[in-house]
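Structure data follow from upload_9.cif (mmCIF, C-alpha atoms):
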data_entry
loop_
_atom_site.label_atom_id
_atom_site.label_comp_id
_atom_site.auth_asym_id
_atom_site.auth_seq_id
_atom_site.Cartn_x
_atom_site.Cartn_y
_atom_site.Cartn_z
CA MET E 712 33.21 26.34 7.26
CA ASN E 713 30.96 29.41 6.95
CA LEU E 714 27.68 29.81 8.80
CA ARG E 715 25.60 29.15 5.69
CA LYS E 716 27.23 25.76 5.10
CA LEU E 717 26.84 24.86 8.75
CA TYR E 718 23.17 25.80 8.65
CA TYR E 719 22.63 23.69 5.52
CA LEU E 720 24.34 20.64 7.02
CA SER E 721 22.17 20.80 10.13
CA HIS E 722 18.87 21.74 8.46
CA ASN E 723 18.95 20.26 4.94
CA GLY E 724 16.07 17.88 5.71
CA LYS E 725 17.60 14.91 3.90
CA ASN E 726 17.97 11.33 5.11
CA SER E 727 20.91 10.66 7.42
CA ASN E 728 23.78 8.95 5.62
CA LEU E 729 25.35 8.08 8.96
CA LEU E 730 22.27 6.24 10.18
CA TYR E 731 21.88 4.53 6.80
CA PHE E 732 25.42 3.16 6.79
CA LEU E 733 25.25 2.08 10.44
CA LYS E 734 22.18 -0.03 9.67
CA ALA E 735 23.71 -1.30 6.43
CA TYR E 736 26.91 -2.55 8.04
CA VAL E 737 25.04 -4.20 10.90
CA ARG E 738 22.89 -5.99 8.33
CA GLU E 739 25.94 -6.91 6.25
CA TYR E 740 27.62 -8.69 9.15
CA THR E 741 24.48 -10.49 10.33
CA PRO E 742 24.55 -14.17 9.22
CA ARG E 743 22.37 -14.54 6.15
CA CYS E 744 21.13 -17.98 7.14
CA PHE E 745 18.45 -16.28 9.26
CA THR E 746 16.91 -14.34 6.39
CA ARG E 747 17.16 -17.29 3.99
CA MET E 748 15.03 -19.35 6.35
CA MET E 749 12.41 -16.58 6.29
CA LEU E 750 12.03 -16.34 2.48
CA ASP E 751 9.09 -18.74 2.09
CA ARG E 752 7.24 -17.11 4.97
CA GLU E 753 7.82 -13.65 3.51
CA LEU E 754 6.61 -14.69 0.04
CA ALA E 755 3.56 -16.43 1.50
CA LYS E 756 2.32 -13.05 2.73
CA LEU E 757 1.29 -12.25 -0.84
CA ASP E 758 -1.77 -14.49 -0.76
CA LYS E 759 -3.00 -12.92 2.48
CA ARG E 760 -3.02 -9.39 1.11
CA THR E 761 -6.08 -7.67 -0.28
CA ASP E 762 -3.83 -5.72 -2.68
CA ARG E 763 -2.35 -8.87 -4.24
CA ASP E 764 -3.20 -7.90 -7.82
CA TYR E 765 -1.68 -4.45 -7.36
CA ILE E 766 1.52 -5.99 -5.98
CA LEU E 767 1.85 -8.39 -8.91
CA GLN E 768 1.21 -5.55 -11.33
CA ARG E 769 4.11 -3.61 -9.86
CA VAL E 770 6.35 -6.69 -9.90
CA ASP E 771 5.71 -7.10 -13.62
CA TYR E 772 6.33 -3.40 -14.18
CA TYR E 773 9.78 -3.53 -12.62
CA ASN E 774 10.65 -6.93 -14.01
CA LYS E 775 9.35 -7.34 -17.56
CA LEU E 776 11.16 -10.63 -18.14
CA THR E 777 9.12 -13.63 -19.23
CA PRO E 778 10.18 -17.28 -19.67
CA SER E 779 10.12 -16.74 -23.43
CA HIS E 780 12.25 -13.59 -23.35
CA ALA E 781 15.18 -14.03 -25.73
CA PHE E 782 18.63 -13.07 -24.51
CA ASP E 783 22.18 -14.36 -24.89
CA HIS E 784 22.38 -16.95 -22.12
CA LYS E 785 26.08 -17.51 -22.72
CA GLN E 786 26.89 -13.83 -22.30
CA TRP E 787 24.71 -13.65 -19.21
CA ALA E 788 26.49 -16.67 -17.70
CA GLN E 789 29.87 -15.09 -18.37
CA GLU E 790 28.93 -11.84 -16.63
CA ALA E 791 26.77 -13.17 -13.77
CA VAL E 792 28.20 -13.80 -10.31
CA GLU E 793 26.89 -15.68 -7.30
CA ILE E 794 25.26 -13.50 -4.66
CA SER E 795 27.76 -14.78 -2.08
CA ARG E 796 30.62 -13.62 -4.30
CA GLN E 797 29.17 -10.24 -5.23
CA PRO E 798 31.91 -7.65 -4.64
CA MET E 799 30.94 -4.41 -2.93
CA THR E 800 30.53 -1.81 -5.64
CA ARG E 801 32.41 1.47 -5.50
CA GLN E 802 29.09 3.16 -4.86
CA LYS E 803 28.29 1.23 -1.71
CA VAL E 804 24.63 2.23 -1.46
CA TYR E 805 23.80 0.15 -4.54
CA TYR E 806 25.42 -2.92 -3.01
CA PHE E 807 23.76 -2.44 0.38
CA ASP E 808 20.28 -1.78 -1.05
CA ALA E 809 20.46 -4.77 -3.41
CA MET E 810 21.88 -7.10 -0.76
CA GLU E 811 19.16 -6.10 1.69
CA ILE E 812 16.80 -8.09 -0.56
CA ALA E 813 19.21 -10.63 -2.05
CA ARG E 814 20.23 -11.89 1.41
CA TYR E 815 16.89 -13.74 1.57
CA PHE E 816 17.95 -15.99 -1.33
CA SER E 817 20.53 -18.72 -1.64
CA GLY E 818 24.05 -17.41 -2.04
CA LYS E 819 24.36 -19.71 -5.08
CA LYS E 820 21.84 -17.68 -7.04
CA ARG E 821 23.51 -15.66 -9.78
CA TRP E 822 22.83 -12.17 -11.01
CA ILE E 823 24.31 -9.16 -12.73
CA LEU E 824 24.18 -6.09 -10.53
CA LEU E 825 24.95 -2.79 -12.23
CA SER E 826 25.42 0.26 -10.02
CA GLY E 827 25.26 3.89 -11.00
CA ASP E 828 22.93 6.12 -13.00
CA ILE E 829 22.00 3.87 -15.92
CA THR E 830 20.34 5.35 -19.00
CA HIS E 831 20.96 2.47 -21.42
CA VAL E 832 19.46 -1.02 -21.64
CA PRO E 833 21.98 -3.80 -20.92
CA ASP E 834 22.45 -6.60 -23.45
CA VAL E 835 21.36 -9.23 -20.91
CA PRO E 836 19.03 -9.22 -17.88
CA THR E 837 20.58 -6.97 -15.25
CA ILE E 838 19.56 -5.55 -11.89
CA ILE E 839 19.68 -1.75 -12.11
CA LYS E 840 18.35 1.37 -10.39
CA SER E 841 17.28 3.30 -13.50
CA ARG E 842 16.35 2.57 -17.08
CA PRO E 843 15.27 4.54 -20.16
CA LEU E 844 11.56 4.67 -20.81
CA GLY E 845 10.40 2.59 -23.75
CA ASP E 846 9.01 -0.73 -24.91
CA ASN E 847 12.33 -2.54 -25.29
CA ASN E 848 13.83 -2.26 -21.83
CA GLN E 849 13.07 -5.78 -20.60
CA ASN E 850 16.70 -6.49 -19.71
CA SER E 851 16.60 -3.62 -17.24
CA VAL E 852 15.17 -5.10 -14.03
CA VAL E 853 14.52 -2.30 -11.56
CA LEU E 854 15.27 -2.67 -7.88
CA LYS E 855 14.89 -0.01 -5.21
CA MET E 856 18.45 1.27 -4.91
CA GLU E 857 20.16 4.46 -3.73
CA LYS E 858 17.04 4.98 -1.65
CA VAL E 859 18.80 6.97 1.07
CA ARG E 860 19.15 9.78 -1.47
CA HIS E 861 16.14 9.25 -3.69
CA PHE E 862 13.36 8.05 -1.40
CA LEU E 863 12.56 10.94 0.87
CA PHE E 864 9.12 12.31 1.66
CA VAL E 865 8.29 15.48 3.58
CA ASN E 866 5.55 16.76 5.85
CA ASP E 867 4.82 20.15 4.33
CA LYS E 868 2.57 22.30 6.50
CA LYS E 869 2.71 25.34 4.22
CA ALA E 870 -0.42 25.84 2.13
CA TRP E 871 0.18 26.25 -1.61
CA ARG E 872 -1.68 29.56 -1.77
CA ASP E 873 0.60 31.04 0.90
CA LYS E 874 3.80 30.34 -1.04
CA LYS E 875 5.77 32.57 -3.42
CA ASN E 876 4.47 32.88 -6.99
CA MET E 877 7.77 31.55 -8.30
CA THR E 878 9.66 28.39 -9.13
CA ILE E 879 13.01 27.46 -7.62
CA PHE E 880 15.94 25.48 -9.03
CA ARG E 881 19.08 24.43 -7.22
CA GLY E 882 21.10 21.59 -8.72
CA ASP E 883 24.37 20.42 -10.17
CA LEU E 884 25.28 21.07 -13.79
CA GLY E 885 27.48 18.82 -15.89
CA ALA E 886 28.13 17.04 -19.18
CA ARG E 887 25.26 14.58 -18.69
CA LYS E 888 22.83 17.27 -17.60
CA GLN E 889 22.37 19.29 -20.77
CA ASN E 890 18.70 19.97 -20.04
CA ARG E 891 19.79 21.83 -16.92
CA ASP E 892 22.23 23.89 -18.96
CA VAL E 893 19.39 24.84 -21.32
CA PHE E 894 17.30 25.87 -18.35
CA MET E 895 20.08 27.95 -16.82
CA GLU E 896 20.90 29.70 -20.10
CA ARG E 897 17.31 30.93 -20.22
CA PHE E 898 16.67 31.78 -16.56
CA ALA E 899 19.94 32.30 -14.66
CA ASP E 900 20.93 35.73 -13.35
CA GLY E 901 17.37 36.85 -12.68
CA GLN E 902 16.22 36.80 -16.30
CA SER E 903 12.68 36.12 -15.11
CA PRO E 904 10.98 37.47 -11.97
CA MET E 905 9.17 34.13 -11.72
CA VAL E 906 12.30 31.96 -11.62
CA ASP E 907 14.96 31.67 -8.93
CA ALA E 908 17.68 29.63 -10.65
CA ALA E 909 21.23 28.82 -9.58
CA SER E 910 23.67 25.91 -9.78
CA THR E 911 25.09 24.23 -6.70
CA ASN E 912 28.43 23.44 -8.34
CA ARG E 913 30.93 25.67 -10.09
CA ILE E 914 31.26 25.32 -13.86
CA GLU E 915 34.05 26.99 -15.79
CA ALA E 916 31.88 28.66 -18.42
CA HIS E 917 29.53 30.32 -15.93
CA PRO E 918 30.98 30.62 -12.43
CA GLU E 919 28.44 33.37 -11.74
CA TRP E 920 25.63 30.82 -11.83
CA GLN E 921 26.77 29.16 -8.61
CA ALA E 922 24.98 29.80 -5.33
CA GLY E 923 24.85 28.06 -1.99
CA LYS E 924 22.67 25.01 -1.46
CA MET E 925 19.20 25.50 -0.04
CA THR E 926 17.44 23.31 2.49
CA ILE E 927 14.30 21.42 1.57
CA ASP E 928 12.30 23.66 3.90
CA GLU E 929 13.57 26.73 2.04
CA HIS E 930 12.47 25.19 -1.26
CA LEU E 931 8.99 24.74 0.19
CA ASP E 932 8.49 28.51 0.32
CA TYR E 933 7.88 28.37 -3.45
CA LYS E 934 4.67 27.32 -5.19
CA PHE E 935 6.68 25.48 -7.86
CA ILE E 936 9.94 23.50 -7.76
CA MET E 937 11.92 22.52 -10.83
CA SER E 938 12.52 18.78 -10.87
CA LEU E 939 14.96 18.34 -13.74
CA GLU E 940 16.54 15.06 -14.77
CA GLY E 941 20.27 14.88 -14.11
CA ASN E 942 22.47 11.86 -14.77
CA ASP E 943 19.25 9.87 -14.76
CA VAL E 944 16.08 10.89 -12.88
CA ALA E 945 15.57 13.99 -10.76
CA SER E 946 16.45 13.00 -7.20
CA ASN E 947 14.10 15.62 -5.70
CA LEU E 948 10.95 14.44 -7.47
CA LYS E 949 9.74 12.20 -4.63
CA TRP E 950 9.90 14.79 -1.87
CA VAL E 951 8.53 17.53 -4.13
CA MET E 952 5.51 15.40 -4.98
CA SER E 953 4.95 14.69 -1.28
CA SER E 954 4.93 18.43 -0.52
CA ASN E 955 2.42 21.21 -1.09
CA SER E 956 4.52 22.60 -3.93
CA ILE E 957 4.27 21.37 -7.52
CA ALA E 958 7.02 19.64 -9.48
CA VAL E 959 7.74 21.23 -12.88
CA THR E 960 9.65 19.37 -15.57
CA PRO E 961 9.72 18.38 -19.24
CA ARG E 962 8.50 14.85 -20.08
CA HIS E 963 10.48 12.16 -18.26
CA THR E 964 12.90 9.98 -20.23
CA VAL E 965 14.18 7.71 -17.45
CA GLU E 966 12.50 5.84 -14.61
CA THR E 967 13.33 4.11 -11.32
CA TRP E 968 11.40 2.32 -8.58
CA PHE E 969 9.22 5.45 -8.44
CA MET E 970 7.76 4.42 -11.82
CA GLU E 971 8.23 7.83 -13.38
CA GLY E 972 6.89 6.36 -16.62
CA THR E 973 3.40 6.14 -15.10
CA LEU E 974 3.21 9.79 -14.06
CA ILE E 975 0.59 11.80 -15.92
CA PRO E 976 1.57 15.30 -17.16
CA ASN E 977 -0.48 18.15 -15.67
CA TYR E 978 -2.13 15.65 -13.33
CA HIS E 979 0.79 14.64 -11.11
CA TYR E 980 3.17 17.42 -12.13
CA ILE E 981 3.33 20.40 -14.51
CA GLU E 982 4.90 19.56 -17.84
CA VAL E 983 6.83 22.16 -19.83
CA LYS E 984 8.60 22.08 -23.19
CA ASP E 985 12.16 20.74 -23.45
CA ASP E 986 13.49 24.24 -24.13
CA PHE E 987 11.43 25.73 -21.25
CA SER E 988 10.01 28.40 -23.57
CA ASP E 989 6.53 27.99 -22.06
CA LEU E 990 7.61 27.88 -18.41
CA GLU E 991 6.40 31.33 -17.40
CA GLU E 992 3.14 30.82 -19.27
CA ARG E 993 2.50 27.52 -17.48
CA LEU E 994 3.30 28.95 -14.06
CA THR E 995 1.06 31.94 -14.66
CA TYR E 996 -1.82 29.68 -15.68
CA TYR E 997 -1.74 27.72 -12.43
CA ILE E 998 -1.28 30.84 -10.30
CA GLU E 999 -4.49 32.14 -11.91
CA HIS E 1000 -6.22 28.76 -11.51
CA PRO E 1001 -5.39 27.73 -7.92
CA GLU E 1002 -8.04 24.99 -7.79
CA GLU E 1003 -6.33 23.17 -10.66
CA ALA E 1004 -2.96 23.61 -8.98
CA GLU E 1005 -4.23 22.16 -5.72
CA ALA E 1006 -5.74 19.23 -7.61
CA ILE E 1007 -2.29 18.40 -8.99
CA ILE E 1008 -0.91 18.48 -5.44
CA GLN E 1009 -3.64 16.10 -4.28
CA HIS E 1010 -2.99 13.71 -7.16
CA ALA E 1011 0.75 13.82 -6.43
CA HIS E 1012 0.13 12.96 -2.78
CA GLU E 1013 -2.05 10.03 -3.78
CA TYR E 1014 0.69 8.77 -6.09
CA VAL E 1015 3.37 9.05 -3.40
CA ASP E 1016 1.21 7.23 -0.86
CA GLN E 1017 1.60 3.92 -2.71
CA PHE E 1018 5.29 3.85 -1.70
CA ARG E 1019 4.77 4.46 2.02
CA ASP E 1020 3.86 0.88 3.01
CA GLU E 1021 7.30 -0.50 3.90
CA ALA E 1022 6.09 -4.07 4.34
CA ARG E 1023 4.55 -4.02 0.87
CA GLU E 1024 7.66 -2.42 -0.64
CA LYS E 1025 9.76 -5.23 0.80
CA LEU E 1026 7.42 -7.90 -0.53
CA ILE E 1027 7.43 -6.37 -4.02
CA SER E 1028 11.24 -6.25 -3.95
CA LEU E 1029 11.47 -9.91 -2.98
CA LEU E 1030 9.07 -10.91 -5.75
CA VAL E 1031 10.97 -8.86 -8.34
CA LEU E 1032 14.22 -10.60 -7.45
CA LYS E 1033 12.59 -14.04 -7.23
CA LYS E 1034 11.17 -13.59 -10.73
CA TYR E 1035 14.63 -12.58 -11.98
CA PHE E 1036 16.24 -15.68 -10.46
CA ASP E 1037 13.47 -17.99 -11.69
CA ILE E 1038 13.96 -16.89 -15.29
CA THR E 1039 17.71 -16.41 -15.49
CA ASN E 1040 19.07 -19.08 -13.18
CA ASP E 1041 16.87 -21.88 -14.49
#
Could you spell out this file's structure in structure tokens?
Amino acid sequence: MNLRKLYYLSHNGKNSNLLYFLKAYVREYTPRCFTRMMLDRELAKLDKRTDRDYILQRVDYYNKLTPSHAFDHKQWAQEAVEISRQPMTRQKVYYFDAMEIARYFSGKKRWILLSGDITHVPDVPTIIKSRPLGDNNQNSVVLKMEKVRHFLFVNDKKAWRDKKNMTIFRGDLGARKQNRDVFMERFADGQSPMVDAASTNRIEAHPEWQAGKMTIDEHLDYKFIMSLEGNDVASNLKWVMSSNSIAVTPRHTVETWFMEGTLIPNYHYIEVKDDFSDLEERLTYYIEHPEEAEAIIQHAHEYVDQFRDEAREKLISLLVLKKYFDITND
């Protein structure tokens, strides 16, 4: 292992997978009877909160099912499994994150849990991490999953005006990430003095695009950070929006627990065209208008703050799953 890789592993700034899995396995082998006895008490907290309406609004955002929602009940019954019989998915983080909430409910409750980066709407009500934006995605019930990778916020002490007048991109390329290929075709190999672009994986067509991974702190030296969708959403969007840099991306097409569909272009992030032809123009504008740039950073921080209350996040998760069980199981 070279020194650069060793430095990255010890300074990357990401959540600890080791700590996550230690907690997850301890929770997995703790008898679930204890949490099931606590469900009513946990749900009763809703009526004591001053932000009750906000909580219910988010519950309905993640879970758009209604008692009158039409779906194939027979197909759902064929695919659904009891919580107590839910097999551990190949991608264990989905199982652990979903079961952290499901363990409060009876093991006889049935659900369909779909792991992975989902960009289609299932035929029947399904618990997922990500869904396409649109008006007909009711069967996609969003739960907070893969949070060890996606839900990370930073404490950025670097002022925006003191950062480099550039944007940075480091990310994987692949068959399901064509927007990233478009970006790299335009800006790789130093084609623009305002863009530092490189892939973190090797692709056959352009091995010269690959460069070593950069730590989060190294990203924060730049005024702008590209936050490009990959297999589904951009995993760096949360920590970028919590920093004093600005996320730059075309319009979002997929959303998760972070409610990307509610983000406002040029208010929470800088929006650019799908072909990135206006990227340099947009960056130049905000470099020349620092007050507007700093306003975007402030709005982004305000947006991120709504996800910092862990007790509220847990309550919302419980209510999302309860609503799913109430509609499907009955």
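Counting all atoms listed in the file, the residue from E:Tyr1035, E:Ile823, E:Ile766, E:Ala813 that sits nearest to E:His780 is E:Tyr1035.
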task: For the structure provided, state which residues fall under the PyMOL selection byres ((chain E and resi 944-955) around 7), and present them as a PyMOL selection string.
output: chain E and resi 861-867+869-871+938-943+956-958+965-966+1008+1011-1012+1015
message: Which residues are close to stretch 836-850 of chain E, i.e. within 6 Å by all atoms listed in the file, leaving aside same-chain residues fewer than 5 positions away? Reply as a PyMOL selection string.
response: chain E and resi 775-776+823-825+829-830+856+964-967
- prompt: Looking at E:Ile927, E:Gln889, E:Pro976, E:Ala791, which one is nearest to E:Asn726, with distances taken over only C-alpha atoms?
  reply: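 Ranked by minimum distance to E:Asn726, first place goes to E:Ile927.
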The PyMOL selection byres ((chain E and resi 910) around 7) applied to the shown file, residues as number ranges by chain: E: 881-884, 909, 911-912, 920-922
- request: Run the PyMOL selection byres ((chain E and resi 985-997) around 8) against the file shown and list the residues it catches, as a PyMOL selection string.
  value: chain E and resi 877+890+893-894+897+905+935+961-962+981+983-984+998-1001+1003-1004
Minimum-distance residue to E:Thr777, chosen among E:Ala1022, E:Leu757, E:Ile1038, E:Ile936 (using all atoms listed in the file): E:Ile1038
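Across E:Ile914, E:Met810, E:Val852, E:Val832, the tightest approach to E:Tyr740 is made by E:Met810 when counting only C-alpha atoms.
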task: Using all atoms listed in the file, give me every residue within 12 Å of (24.2, -18.9, 8.3) in file coordinates, as a list in words.
output: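 In the file's frame, the residues around the point are Tyr740, Thr741, Pro742, Arg743, Cys744, Phe745, Thr746, Arg747, Met748, Ser795, Arg814, Tyr815, Phe816, Ser817 and Gly818 of chain E.
Take atom CA of E:Arg1023 and atom CA of E:Arg738: the distance between them is 19.9 Å.
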Taking 4 positions as the minimum chain separation for residues in the same chain, which residues sit within 7 Å of E:Phe807 when counting all atoms listed in the file? Answer as a PDB file with C-alpha atoms, in the frame of the given file.
ATOM      1  CA  ALA E 735      23.710  -1.300   6.430  1.00  0.00           C
ATOM      2  CA  LYS E 803      28.290   1.230  -1.710  1.00  0.00           C
ATOM      3  CA  GLU E 811      19.160  -6.100   1.690  1.00  0.00           C
TER       4      GLU E 811
END
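Between atom CA of E:Lys756 and atom CA of E:Phe1036 lies a distance of 19.4 Å.
Closest approach to E:Arg769 among E:His979, E:Gly885, E:Val853, E:Trp822: E:Val853, based on all atoms listed in the file.
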- prompt: To one decimal place, how far is atom CA of E:His917 from atom CA of E:Val959 in Å?
  reply: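 Going from atom CA of E:His917 over to atom CA of E:Val959, I get 23.8 Å.
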Among listed residues E:Ile812, E:Ala788, E:Val835, E:Leu733, nearest E:Met749 (using only C-alpha atoms):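 For E:Met749, the nearest of the given residues is E:Ile812.
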Keeping N, CA and C atoms (and nothing else), can you write stretch 1010-1032 of chain E of this structure as a PDB file, in the first residue's frame?
ATOM      1  N   HIS E1010     -28.569  28.730   2.765  1.00  0.00           N
ATOM      2  CA  HIS E1010     -29.810  27.985   2.510  1.00  0.00           C
ATOM      3  C   HIS E1010     -29.554  26.474   2.576  1.00  0.00           C
ATOM      4  N   ALA E1011     -28.406  26.047   2.070  1.00  0.00           N
ATOM      5  CA  ALA E1011     -28.058  24.625   2.122  1.00  0.00           C
ATOM      6  C   ALA E1011     -27.909  24.155   3.559  1.00  0.00           C
ATOM      7  N   HIS E1012     -27.257  24.970   4.384  1.00  0.00           N
ATOM      8  CA  HIS E1012     -27.103  24.618   5.795  1.00  0.00           C
ATOM      9  C   HIS E1012     -28.458  24.499   6.488  1.00  0.00           C
ATOM     10  N   GLU E1013     -29.349  25.420   6.188  1.00  0.00           N
ATOM     11  CA  GLU E1013     -30.685  25.381   6.787  1.00  0.00           C
ATOM     12  C   GLU E1013     -31.424  24.113   6.370  1.00  0.00           C
ATOM     13  N   TYR E1014     -31.252  23.710   5.121  1.00  0.00           N
ATOM     14  CA  TYR E1014     -31.897  22.488   4.631  1.00  0.00           C
ATOM     15  C   TYR E1014     -31.345  21.268   5.353  1.00  0.00           C
ATOM     16  N   VAL E1015     -30.033  21.194   5.482  1.00  0.00           N
ATOM     17  CA  VAL E1015     -29.391  20.051   6.131  1.00  0.00           C
ATOM     18  C   VAL E1015     -29.800  19.939   7.600  1.00  0.00           C
ATOM     19  N   ASP E1016     -30.003  21.077   8.251  1.00  0.00           N
ATOM     20  CA  ASP E1016     -30.291  21.076   9.681  1.00  0.00           C
ATOM     21  C   ASP E1016     -31.539  20.259  10.038  1.00  0.00           C
ATOM     22  N   GLN E1017     -32.474  20.140   9.109  1.00  0.00           N
ATOM     23  CA  GLN E1017     -33.702  19.407   9.426  1.00  0.00           C
ATOM     24  C   GLN E1017     -33.458  17.913   9.619  1.00  0.00           C
ATOM     25  N   PHE E1018     -32.286  17.417   9.231  1.00  0.00           N
ATOM     26  CA  PHE E1018     -31.973  16.000   9.368  1.00  0.00           C
ATOM     27  C   PHE E1018     -31.061  15.707  10.564  1.00  0.00           C
ATOM     28  N   ARG E1019     -30.750  16.701  11.348  1.00  0.00           N
ATOM     29  CA  ARG E1019     -29.791  16.525  12.439  1.00  0.00           C
ATOM     30  C   ARG E1019     -30.437  16.046  13.739  1.00  0.00           C
ATOM     31  N   ASP E1020     -31.738  16.170  13.870  1.00  0.00           N
ATOM     32  CA  ASP E1020     -32.433  15.754  15.090  1.00  0.00           C
ATOM     33  C   ASP E1020     -32.666  14.247  15.030  1.00  0.00           C
ATOM     34  N   GLU E1021     -31.813  13.463  15.679  1.00  0.00           N
ATOM     35  CA  GLU E1021     -31.887  12.011  15.574  1.00  0.00           C
ATOM     36  C   GLU E1021     -33.169  11.437  16.154  1.00  0.00           C
ATOM     37  N   ALA E1022     -33.656  12.025  17.234  1.00  0.00           N
ATOM     38  CA  ALA E1022     -34.903  11.543  17.827  1.00  0.00           C
ATOM     39  C   ALA E1022     -36.072  11.746  16.858  1.00  0.00           C
ATOM     40  N   ARG E1023     -36.084  12.875  16.189  1.00  0.00           N
ATOM     41  CA  ARG E1023     -37.147  13.144  15.212  1.00  0.00           C
ATOM     42  C   ARG E1023     -37.015  12.232  13.999  1.00  0.00           C
ATOM     43  N   GLU E1024     -35.784  12.008  13.546  1.00  0.00           N
ATOM     44  CA  GLU E1024     -35.571  11.112  12.409  1.00  0.00           C
ATOM     45  C   GLU E1024     -36.089   9.707  12.718  1.00  0.00           C
ATOM     46  N   LYS E1025     -35.860   9.255  13.927  1.00  0.00           N
ATOM     47  CA  LYS E1025     -36.341   7.929  14.331  1.00  0.00           C
ATOM     48  C   LYS E1025     -37.859   7.888  14.348  1.00  0.00           C
ATOM     49  N   LEU E1026     -38.481   8.913  14.892  1.00  0.00           N
ATOM     50  CA  LEU E1026     -39.934   8.962  14.957  1.00  0.00           C
ATOM     51  C   LEU E1026     -40.546   8.981  13.558  1.00  0.00           C
ATOM     52  N   ILE E1027     -39.983   9.757  12.658  1.00  0.00           N
ATOM     53  CA  ILE E1027     -40.476   9.800  11.280  1.00  0.00           C
ATOM     54  C   ILE E1027     -40.359   8.424  10.643  1.00  0.00           C
ATOM     55  N   SER E1028     -39.240   7.752  10.864  1.00  0.00           N
ATOM     56  CA  SER E1028     -39.030   6.419  10.298  1.00  0.00           C
ATOM     57  C   SER E1028     -40.077   5.432  10.810  1.00  0.00           C
ATOM     58  N   LEU E1029     -40.346   5.468  12.099  1.00  0.00           N
ATOM     59  CA  LEU E1029     -41.355   4.579  12.677  1.00  0.00           C
ATOM     60  C   LEU E1029     -42.729   4.846  12.074  1.00  0.00           C
ATOM     61  N   LEU E1030     -43.065   6.114  11.889  1.00  0.00           N
ATOM     62  CA  LEU E1030     -44.378   6.465  11.351  1.00  0.00           C
ATOM     63  C   LEU E1030     -44.495   6.085   9.871  1.00  0.00           C
ATOM     64  N   VAL E1031     -43.400   6.191   9.134  1.00  0.00           N
ATOM     65  CA  VAL E1031     -43.409   5.774   7.727  1.00  0.00           C
ATOM     66  C   VAL E1031     -43.700   4.283   7.630  1.00  0.00           C
ATOM     67  N   LEU E1032     -43.036   3.503   8.460  1.00  0.00           N
ATOM     68  CA  LEU E1032     -43.213   2.053   8.412  1.00  0.00           C
ATOM     69  C   LEU E1032     -44.577   1.647   8.957  1.00  0.00           C
TER      70      LEU E1032
END
